[in-house]
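Undergrad: My structure is in input.txt, and what it holds is compact mmCIF, C-alpha atoms and all ligand atoms:
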```txt
# COMPACT_ATOMS: atom_id res chain seq x y z
CA MET A 2 0.00 0.00 0.00
CA VAL A 3 2.97 2.29 0.56
CA GLU A 4 6.71 1.93 -0.06
CA ILE A 5 9.20 4.12 1.74
CA GLU A 6 12.78 4.26 0.48
CA ARG A 7 15.85 5.98 1.85
CA ASP A 8 18.56 7.41 -0.39
CA ASN A 9 21.18 9.53 1.38
CA ASP A 10 19.35 12.55 2.79
CA THR A 11 16.08 11.83 1.01
CA LEU A 12 13.14 9.74 2.14
CA THR A 13 10.81 8.89 -0.76
CA VAL A 14 7.26 7.76 -0.04
CA LYS A 15 5.68 5.97 -2.99
CA LEU A 16 1.94 6.31 -2.39
CA LYS A 17 -0.43 3.78 -3.95
CA GLY A 18 -4.18 3.49 -4.45
CA ASP A 19 -6.90 5.93 -3.41
CA ILE A 20 -6.07 8.54 -0.79
CA ASP A 21 -9.12 9.30 1.33
CA HIS A 22 -9.84 9.82 5.03
CA HIS A 23 -9.87 6.05 5.62
CA ARG A 24 -6.30 5.62 4.32
CA CYS A 25 -4.82 8.77 5.85
CA ALA A 26 -4.47 7.67 9.50
CA ASP A 27 -2.33 4.69 8.55
CA LEU A 28 -0.25 6.63 6.01
CA ARG A 29 0.37 9.40 8.52
CA ARG A 30 1.60 6.89 11.13
CA LYS A 31 3.94 5.11 8.73
CA ILE A 32 5.42 8.25 7.20
CA ASP A 33 5.91 10.05 10.52
CA ALA A 34 7.55 7.01 12.14
CA ARG A 35 10.21 6.91 9.41
CA ALA A 36 10.68 10.69 9.24
CA ASP A 37 11.00 10.97 13.04
CA SER A 38 13.63 8.27 13.34
CA GLU A 39 15.61 8.99 10.16
CA ARG A 40 15.44 12.80 10.03
CA PRO A 41 15.81 13.18 6.24
CA LYS A 42 16.64 16.56 4.73
CA THR A 43 13.99 16.01 2.07
CA LEU A 44 10.75 14.05 2.24
CA ILE A 45 9.28 13.25 -1.17
CA LEU A 46 5.64 12.20 -1.59
CA ASP A 47 5.40 10.47 -4.97
CA PHE A 48 1.82 10.40 -6.34
CA SER A 49 2.59 8.51 -9.58
CA CYS A 50 0.52 5.46 -8.48
CA VAL A 51 -2.38 7.45 -6.99
CA GLN A 52 -5.54 7.74 -9.11
CA PHE A 53 -7.84 9.36 -6.57
CA MET A 54 -7.46 11.85 -3.73
CA ASP A 55 -9.96 13.99 -1.82
CA SER A 56 -9.31 16.87 0.60
CA SER A 57 -8.15 14.40 3.26
CA GLY A 58 -4.99 14.09 1.15
CA VAL A 59 -4.48 17.85 1.38
CA GLY A 60 -4.58 17.48 5.18
CA LEU A 61 -2.02 14.69 4.94
CA VAL A 62 0.35 16.81 2.83
CA MET A 63 -0.06 19.91 5.04
CA GLY A 64 0.60 17.83 8.14
CA ARG A 65 3.81 16.39 6.64
CA TYR A 66 4.84 19.91 5.60
CA ARG A 67 4.54 21.02 9.23
CA GLN A 68 6.32 17.89 10.41
CA MET A 69 9.26 18.46 8.06
CA SER A 70 9.49 22.13 9.02
CA LEU A 71 9.77 21.09 12.68
CA LEU A 72 12.51 18.60 11.79
CA GLY A 73 14.36 21.27 9.81
CA GLY A 74 13.82 19.55 6.46
CA ARG A 75 11.67 20.16 3.42
CA LEU A 76 8.78 18.46 1.64
CA LYS A 77 8.32 17.81 -2.07
CA VAL A 78 5.19 16.49 -3.79
CA ILE A 79 5.76 14.92 -7.22
CA ASN A 80 3.93 13.21 -10.10
CA VAL A 81 0.42 14.45 -9.34
CA ASN A 82 -2.23 13.75 -12.02
CA ASP A 83 -4.59 16.44 -13.35
CA ASN A 84 -7.66 15.48 -11.30
CA ILE A 85 -5.69 15.40 -8.06
CA ASN A 86 -3.94 18.63 -8.95
CA ARG A 87 -7.33 20.38 -9.05
CA VAL A 88 -7.85 19.43 -5.40
CA PHE A 89 -4.39 20.74 -4.50
CA ARG A 90 -5.04 23.99 -6.40
CA LEU A 91 -8.01 24.77 -4.13
CA SER A 92 -5.76 24.45 -1.08
CA GLY A 93 -3.20 27.12 -1.85
CA LEU A 94 -0.45 24.56 -1.14
CA GLU A 95 1.39 25.79 -4.25
CA SER A 96 2.35 28.97 -2.40
CA LEU A 97 4.36 26.83 0.04
CA GLY A 98 6.57 25.70 -2.84
CA VAL A 99 6.11 21.99 -2.20
CA MET A 100 4.45 21.09 -5.51
CA GLU A 101 6.86 20.14 -8.25
CA MET B 9 -37.36 17.93 -16.30
CA ASN B 10 -38.23 14.33 -15.44
CA ILE B 11 -36.39 11.72 -13.39
CA VAL B 12 -35.44 8.78 -15.61
CA ASN B 13 -33.44 6.70 -13.13
CA GLU B 14 -32.97 6.60 -9.38
CA MET B 15 -31.10 4.68 -6.70
CA ASN B 16 -30.99 4.61 -2.90
CA LEU B 17 -28.15 3.39 -0.77
CA ASN B 18 -28.02 3.08 3.03
CA PHE B 19 -24.82 2.05 4.74
CA GLU B 20 -22.98 2.27 8.03
CA ALA B 21 -20.92 5.38 8.78
CA LYS B 22 -17.57 3.58 8.75
CA SER B 23 -14.53 4.99 7.02
CA ILE B 24 -13.99 1.74 5.10
CA ASN B 25 -17.25 2.58 3.25
CA GLU B 26 -15.92 5.85 1.80
CA SER B 27 -14.51 4.07 -1.25
CA PHE B 28 -17.61 1.89 -1.60
CA ALA B 29 -19.90 4.94 -1.61
CA ARG B 30 -18.00 6.90 -4.26
CA SER B 31 -17.62 3.80 -6.47
CA ALA B 32 -21.32 2.97 -6.19
CA VAL B 33 -22.41 6.47 -7.21
CA SER B 34 -19.89 6.62 -10.02
CA SER B 35 -21.12 3.26 -11.37
CA PHE B 36 -24.68 4.57 -11.29
CA VAL B 37 -23.66 7.67 -13.29
CA LEU B 38 -21.99 5.58 -16.02
CA SER B 39 -25.27 5.35 -17.97
CA LEU B 40 -24.84 9.07 -18.75
CA ASP B 41 -21.52 8.33 -20.48
CA PRO B 42 -19.54 10.89 -18.47
CA THR B 43 -15.94 11.83 -19.25
CA ILE B 44 -13.18 10.55 -16.96
CA ALA B 45 -12.87 14.07 -15.54
CA GLU B 46 -16.61 14.31 -14.80
CA LEU B 47 -16.56 10.92 -13.06
CA SER B 48 -13.56 11.97 -11.03
CA ASP B 49 -15.36 15.19 -9.98
CA ILE B 50 -18.40 13.22 -8.83
CA LYS B 51 -16.32 10.64 -6.95
CA THR B 52 -14.40 13.37 -5.16
CA ALA B 53 -17.54 15.30 -4.19
CA VAL B 54 -19.28 12.15 -2.88
CA SER B 55 -16.17 11.19 -0.94
CA GLU B 56 -16.17 14.61 0.74
CA ALA B 57 -19.85 14.49 1.71
CA VAL B 58 -19.66 10.92 3.02
CA THR B 59 -16.47 11.58 4.98
CA ASN B 60 -18.17 14.55 6.65
CA CYS B 61 -20.99 12.28 7.84
CA ILE B 62 -18.50 9.84 9.38
CA VAL B 63 -16.13 12.37 10.92
CA HIS B 64 -18.39 15.28 11.86
CA ALA B 65 -22.06 14.25 11.88
CA TYR B 66 -21.56 11.01 13.78
CA GLY B 67 -18.17 11.86 15.32
CA TYR B 68 -16.82 8.34 14.67
CA GLN B 69 -19.65 6.91 16.80
CA GLY B 70 -21.34 5.31 13.81
CA GLY B 71 -24.83 5.75 12.37
CA THR B 72 -26.42 5.41 8.97
CA ILE B 73 -25.60 7.36 5.82
CA TYR B 74 -28.32 7.69 3.18
CA ILE B 75 -27.50 8.40 -0.45
CA ASN B 76 -30.13 9.10 -3.08
CA ALA B 77 -29.04 9.62 -6.68
CA ARG B 78 -31.29 10.62 -9.55
CA ILE B 79 -30.71 11.10 -13.26
CA THR B 80 -32.87 13.58 -15.19
CA ASP B 81 -33.94 13.49 -18.83
CA THR B 82 -31.83 16.63 -19.31
CA GLY B 83 -28.66 14.69 -18.50
CA ARG B 84 -28.15 15.88 -14.94
CA ILE B 85 -27.18 13.86 -11.92
CA ILE B 86 -28.66 14.91 -8.56
CA ILE B 87 -27.03 13.37 -5.50
CA LYS B 88 -28.29 13.69 -1.92
CA VAL B 89 -26.08 12.61 0.99
CA ARG B 90 -27.98 12.60 4.28
CA ASP B 91 -27.13 11.87 7.91
CA LYS B 92 -29.05 11.94 11.18
CA GLY B 93 -26.06 13.30 13.09
CA CYS B 94 -25.22 16.39 15.12
CA GLY B 95 -26.17 18.98 12.49
CA ILE B 96 -24.37 22.21 11.58
CA PRO B 97 -25.16 25.31 13.70
CA ASP B 98 -23.91 27.82 11.09
CA VAL B 99 -23.93 26.43 7.55
CA LYS B 100 -22.55 29.60 5.94
CA GLN B 101 -19.51 29.55 8.20
CA ALA B 102 -19.03 25.77 7.78
CA MET B 103 -18.89 26.20 4.00
CA GLU B 104 -16.12 28.80 4.09
CA PRO B 105 -12.85 27.44 2.66
CA LEU B 106 -10.38 26.35 5.39
CA TYR B 107 -13.05 26.42 8.12
CA THR B 108 -12.91 23.21 10.13
CA THR B 109 -13.98 22.08 13.57
CA GLY B 110 -11.13 19.89 12.92
CA GLY B 111 -9.04 17.33 14.52
CA GLU B 112 -7.05 14.71 12.67
CA GLU B 113 -5.53 17.06 10.11
CA ARG B 114 -8.75 18.09 8.38
CA ALA B 115 -8.01 20.65 5.66
CA GLY B 116 -11.37 22.45 5.87
CA LEU B 117 -11.76 22.11 2.10
CA GLY B 118 -14.53 19.54 1.77
CA PHE B 119 -17.29 22.01 0.90
CA ALA B 120 -14.92 23.99 -1.33
CA VAL B 121 -14.20 20.80 -3.29
CA MET B 122 -17.91 19.95 -3.58
CA GLN B 123 -18.70 23.47 -4.79
CA SER B 124 -15.91 23.62 -7.30
CA PHE B 125 -16.41 20.10 -8.71
CA MET B 126 -20.22 20.13 -8.92
CA ASP B 127 -22.51 22.71 -10.61
CA ARG B 128 -24.68 23.27 -7.56
CA VAL B 129 -24.40 22.41 -3.85
CA GLN B 130 -27.14 22.97 -1.30
CA VAL B 131 -26.82 22.23 2.42
CA ARG B 132 -29.78 21.89 4.77
CA SER B 133 -29.05 21.18 8.38
CA ALA B 134 -30.72 21.18 11.79
CA VAL B 135 -28.76 20.85 15.03
CA LEU B 136 -29.20 17.41 16.63
CA LYS B 137 -31.37 16.30 13.68
CA GLY B 138 -28.91 15.98 10.83
CA THR B 139 -27.70 17.31 7.52
CA THR B 140 -28.60 16.85 3.86
CA VAL B 141 -26.14 17.85 1.15
CA THR B 142 -27.66 18.02 -2.35
CA MET B 143 -25.28 18.24 -5.30
CA GLU B 144 -26.04 18.54 -9.01
CA LYS B 145 -23.97 18.25 -12.12
CA ALA B 146 -24.78 18.33 -15.83
CA ILE B 147 -23.03 15.61 -17.81
CA ILE B 148 -22.02 17.62 -20.84
CA ARG B 149 -21.54 14.99 -23.50
CA CYS B 150 -24.93 13.59 -22.63
CA ALA B 151 -26.69 16.95 -22.63
CA LYS B 152 -25.32 17.67 -26.10
CA ASN B 153 -25.97 14.33 -27.77
CA GLU B 154 -28.35 11.68 -26.65
CA ARG B 155 -30.85 12.33 -23.91
CA PRO B 156 -31.16 9.48 -21.37
CA GLN B 157 -34.43 7.54 -21.31
N1 LIG C 201 -22.54 16.28 7.82
C1 LIG C 201 -22.04 17.16 8.72
N2 LIG C 201 -22.52 17.16 10.01
C2 LIG C 201 -22.03 18.03 10.92
N3 LIG C 201 -21.06 18.95 10.66
C3 LIG C 201 -20.55 19.00 9.40
C4 LIG C 201 -21.02 18.11 8.38
N4 LIG C 201 -20.34 18.41 7.24
C5 LIG C 201 -19.51 19.43 7.54
N5 LIG C 201 -19.63 19.79 8.84
C6 LIG C 201 -18.93 20.92 9.50
O1 LIG C 201 -18.39 21.78 8.49
C7 LIG C 201 -16.97 21.90 8.64
C8 LIG C 201 -16.30 22.05 7.29
O2 LIG C 201 -16.42 20.87 6.52
P1 LIG C 201 -15.38 20.60 5.34
O3 LIG C 201 -15.35 21.79 4.44
O4 LIG C 201 -15.70 19.29 4.72
O5 LIG C 201 -13.96 20.54 6.08
P2 LIG C 201 -13.34 19.41 7.05
O6 LIG C 201 -14.11 18.14 6.85
O7 LIG C 201 -11.93 19.28 6.58
O8 LIG C 201 -13.45 19.94 8.44
C9 LIG C 201 -16.56 20.67 9.42
O9 LIG C 201 -15.34 20.86 10.12
C10 LIG C 201 -17.75 20.48 10.36
O10 LIG C 201 -17.67 21.36 11.44
MG MG C 202 -14.78 17.39 5.10
```
Go through the file and emit its structure as structure tokens.
TA:
Amino acid sequence: MVEIERDNDTLTVKLKGDIDHHRCADLRRKIDARADSERPKTLILDFSCVQFMDSSGVGLVMGRYRQMSLLGGRLKVINVNDNINRVFRLSGLESLGVME
Amino acid sequence: MNIVNEMNLNFEAKSINESFARSAVSSFVLSLDPTIAELSDIKTAVSEAVTNCIVHAYGYQGGTIYINARITDTGRIIIKVRDKGCGIPDVKQAMEPLYTTGGEERAGLGFAVMQSFMDRVQVRSAVLKGTTVTMEKAIIRCAKNERPQ
């Protein structure tokens, strides 16, 4: 359901499947556990295998943005499809510079 | 405008049913031959409304969610998502982007998503009685070409 890979200072989270409220609690736990213990400089959320996301996903991304700011690192969101991008556009997340 | 097809769905307010609900409604809409983008809009809007019933209306305590979907002869889909939960004291405020009574990293964008992805969104709510969200969308290809029967 989710693969997390470490490469030097970067932790890459390969998200899979639909991202809704039901999935978010588990994703949040898994991502935060790795980020807390490994303290990467960059956390990448890769959406290439995600077909669907609602506003719960925006909450997930904002929460990880705050988490990475606290840890002194940065967040990047990559490979977002058009439909999902329309949800992100409503959120103003682009102004935080996390969307690639 | 006449109703040419209708479905009703009652299910438990459990988060595992969020994907079931949006898939069921999107399957029902398929007869209108929507585009992928239109289907995605409808799935996202239904997911938002159903999640709100689970998280806010019933506060994770469970209850029943009622969905009614109707297709008109003018190629519109009308979707009602209803709960018998806590109700919304100030609907106008609740619908403002980024407003959330929160917890668990809610973004406060559910109503904003529904409004931007559907043509029309109406919210009726009574405290301690429940909330009904009615959403409408015209399926363009269908409105232009064949009318549903
Ligand atoms: N069905 C509902 N029953 C009770 N309150 C609701 C319902 N739907 C929405 N609300 C209220 O409206 C607010 C905004 O909803 P929304 O825009 O979906 O954002 P979010 O779900 O992220 O909080 C919620 O935080 C909640 O207070
Ligand atoms: Mg919501």
Undergrad: At most 9 Å is the cut-off: for each residue in chain B with any atom that close to an atom of ligand LIG 201 (chain C), write down the nearest atom pair and the distance in Å rounded to one decimal, counting all atoms listed in the file, chain first then increasing number, as a Markdown table.
TA:
```
| residue | atom | partner | partner_atom | distance |
| --- | --- | --- | --- | --- |
| B:Glu56 | CA | C:LIG201 | O4 | 6.2 |
| B:Ala57 | CA | C:LIG201 | N4 | 6.8 |
| B:Val58 | CA | C:LIG201 | N1 | 7.8 |
| B:Thr59 | CA | C:LIG201 | O6 | 7.2 |
| B:Asn60 | CA | C:LIG201 | N4 | 4.5 |
| B:Cys61 | CA | C:LIG201 | N1 | 4.3 |
| B:Ile62 | CA | C:LIG201 | N1 | 7.8 |
| B:Val63 | CA | C:LIG201 | O6 | 7.3 |
| B:His64 | CA | C:LIG201 | C2 | 4.7 |
| B:Ala65 | CA | C:LIG201 | N2 | 3.5 |
| B:Tyr66 | CA | C:LIG201 | N2 | 7.3 |
| B:Gly67 | CA | C:LIG201 | C2 | 8.5 |
| B:Val89 | CA | C:LIG201 | N1 | 8.5 |
| B:Arg90 | CA | C:LIG201 | N1 | 7.5 |
| B:Asp91 | CA | C:LIG201 | N1 | 6.4 |
| B:Lys92 | CA | C:LIG201 | N2 | 8.4 |
| B:Gly93 | CA | C:LIG201 | N2 | 6.1 |
| B:Cys94 | CA | C:LIG201 | C2 | 5.5 |
| B:Gly95 | CA | C:LIG201 | C2 | 4.5 |
| B:Ile96 | CA | C:LIG201 | N3 | 4.7 |
| B:Pro97 | CA | C:LIG201 | N3 | 8.2 |
| B:Asp98 | CA | C:LIG201 | O1 | 8.6 |
| B:Val99 | CA | C:LIG201 | O1 | 7.3 |
| B:Gln101 | CA | C:LIG201 | O1 | 7.9 |
| B:Ala102 | CA | C:LIG201 | O1 | 4.1 |
| B:Met103 | CA | C:LIG201 | O3 | 5.7 |
| B:Glu104 | CA | C:LIG201 | O3 | 7.1 |
| B:Pro105 | CA | C:LIG201 | O3 | 6.4 |
| B:Leu106 | CA | C:LIG201 | O3 | 6.8 |
| B:Tyr107 | CA | C:LIG201 | C8 | 5.5 |
| B:Thr108 | CA | C:LIG201 | O9 | 3.4 |
| B:Thr109 | CA | C:LIG201 | O9 | 3.9 |
| B:Gly110 | CA | C:LIG201 | O8 | 5.0 |
| B:Gly111 | CA | C:LIG201 | O8 | 8.0 |
| B:Glu113 | CA | C:LIG201 | O7 | 7.6 |
| B:Arg114 | CA | C:LIG201 | O7 | 3.8 |
| B:Ala115 | CA | C:LIG201 | O7 | 4.3 |
| B:Gly116 | CA | C:LIG201 | O5 | 3.2 |
| B:Leu117 | CA | C:LIG201 | O3 | 4.3 |
| B:Gly118 | CA | C:LIG201 | O4 | 3.2 |
| B:Phe119 | CA | C:LIG201 | O3 | 4.0 |
| B:Ala120 | CA | C:LIG201 | O3 | 6.2 |
| B:Val121 | CA | C:LIG201 | O3 | 7.9 |
| B:Met122 | CA | C:LIG201 | O4 | 8.6 |
| B:Val131 | CA | C:LIG201 | N4 | 8.9 |
| B:Ser133 | CA | C:LIG201 | N2 | 7.8 |
| B:Val135 | CA | C:LIG201 | C2 | 8.4 |
| B:Gly138 | CA | C:LIG201 | N2 | 6.5 |
| B:Thr139 | CA | C:LIG201 | N1 | 5.3 |
| B:Thr140 | CA | C:LIG201 | N1 | 7.3 |
| B:Val141 | CA | C:LIG201 | N1 | 7.7 |
```
Undergrad: Extract, using all atoms listed in the file, all DNA, RNA and protein residues at most 8 Å from A:Asp55, discarding same-chain residues fewer than 2 positions from it, and format them as a PyMOL selection string.
TA: (chain A and resi 20-21+53+57-59+85+88) or (chain B and resi 52+55-56)
Undergrad: Find the residues around A:Ser49 up to 12 Å (all atoms listed in the file counted), leave out those fewer than 3 positions away in its own chain, and share them as a list in words.
TA: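 My reading of the contact set: Val3, Val14, Lys15, Leu16, Lys17, Gly18, Asp19, Ile45, Leu46, Gln52, Phe53, Val78, Ile79, Asn80, Val81, Asn82, Asp83 and Ile85 of chain A.
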Undergrad: Which of these residues is nearest to B:Val54, using all atoms listed in the file: B:Leu17, B:Lys88, B:Lys137, B:Gln130?
TA: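 Using all atoms listed in the file, the shortest distance to B:Val54 belongs to B:Lys88.
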Undergrad: At most 6 Å is the cut-off: for each residue in chain A with any atom that close to an atom of chain B, write down the nearest atom pair and the distance in Å rounded to one decimal, counting only C-alpha atoms, chain first then increasing number, as CSV.
TA:
```
residue,atom,partner,partner_atom,distance
A:His23,CA,B:Ser23,CA,5.0
A:Asp55,CA,B:Thr52,CA,5.6
A:Ser56,CA,B:Leu117,CA,6.0
A:Gly60,CA,B:Ala115,CA,4.7
```
Undergrad: Using atom CA of A:Arg40 and atom CA of A:Leu72 as the two end points, give the distance in Å to one decimal.
TA: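 Result for atom CA of A:Arg40 versus atom CA of A:Leu72: 6.7 Å, one decimal.
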Undergrad: Ranking A:Arg35, A:Arg87, A:His22, A:Arg7 by minimum distance to A:Gln68 and counting all atoms listed in the file, which one comes first?
TA: A:Arg35
Undergrad: Neighbours of B:Val37 within 8 Å (only C-alpha atoms; same-chain residues fewer than 6 positions away dropped), as a list in words?
TA: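 That gives Leu47, Ile79 and Ile85 of chain B.
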Undergrad: Can you pull out the residues contacting stretch 29-31 of chain A? Cut-off 10 Å, using all atoms listed in the file, and skip same-chain residues under 2 positions away; I want them as number ranges by chain.
TA: A: 3-5, 14, 24-27, 33-36, 61-62, 64-65; B: 113
Undergrad: Please, what distance in Å, to one decimal, runs between atom CA of B:Glu20 and atom CA of B:Gln69?
TA: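 Between atom CA of B:Glu20 and atom CA of B:Gln69 the gap works out to 10.5 Å.
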Undergrad: Please, what distance in Å, to one decimal, runs between atom CA of B:Glu14 and atom CA of B:Gly70?
TA: 26.0 Å
Undergrad: Compare B:Ala32, B:Ala134, B:Val129, B:Val12 by their minimum atom-to-atom distance to B:Arg84, counting all atoms listed in the file, and give me the closest one.
TA: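 Among the listed residues, B:Val12 lies closest to B:Arg84.
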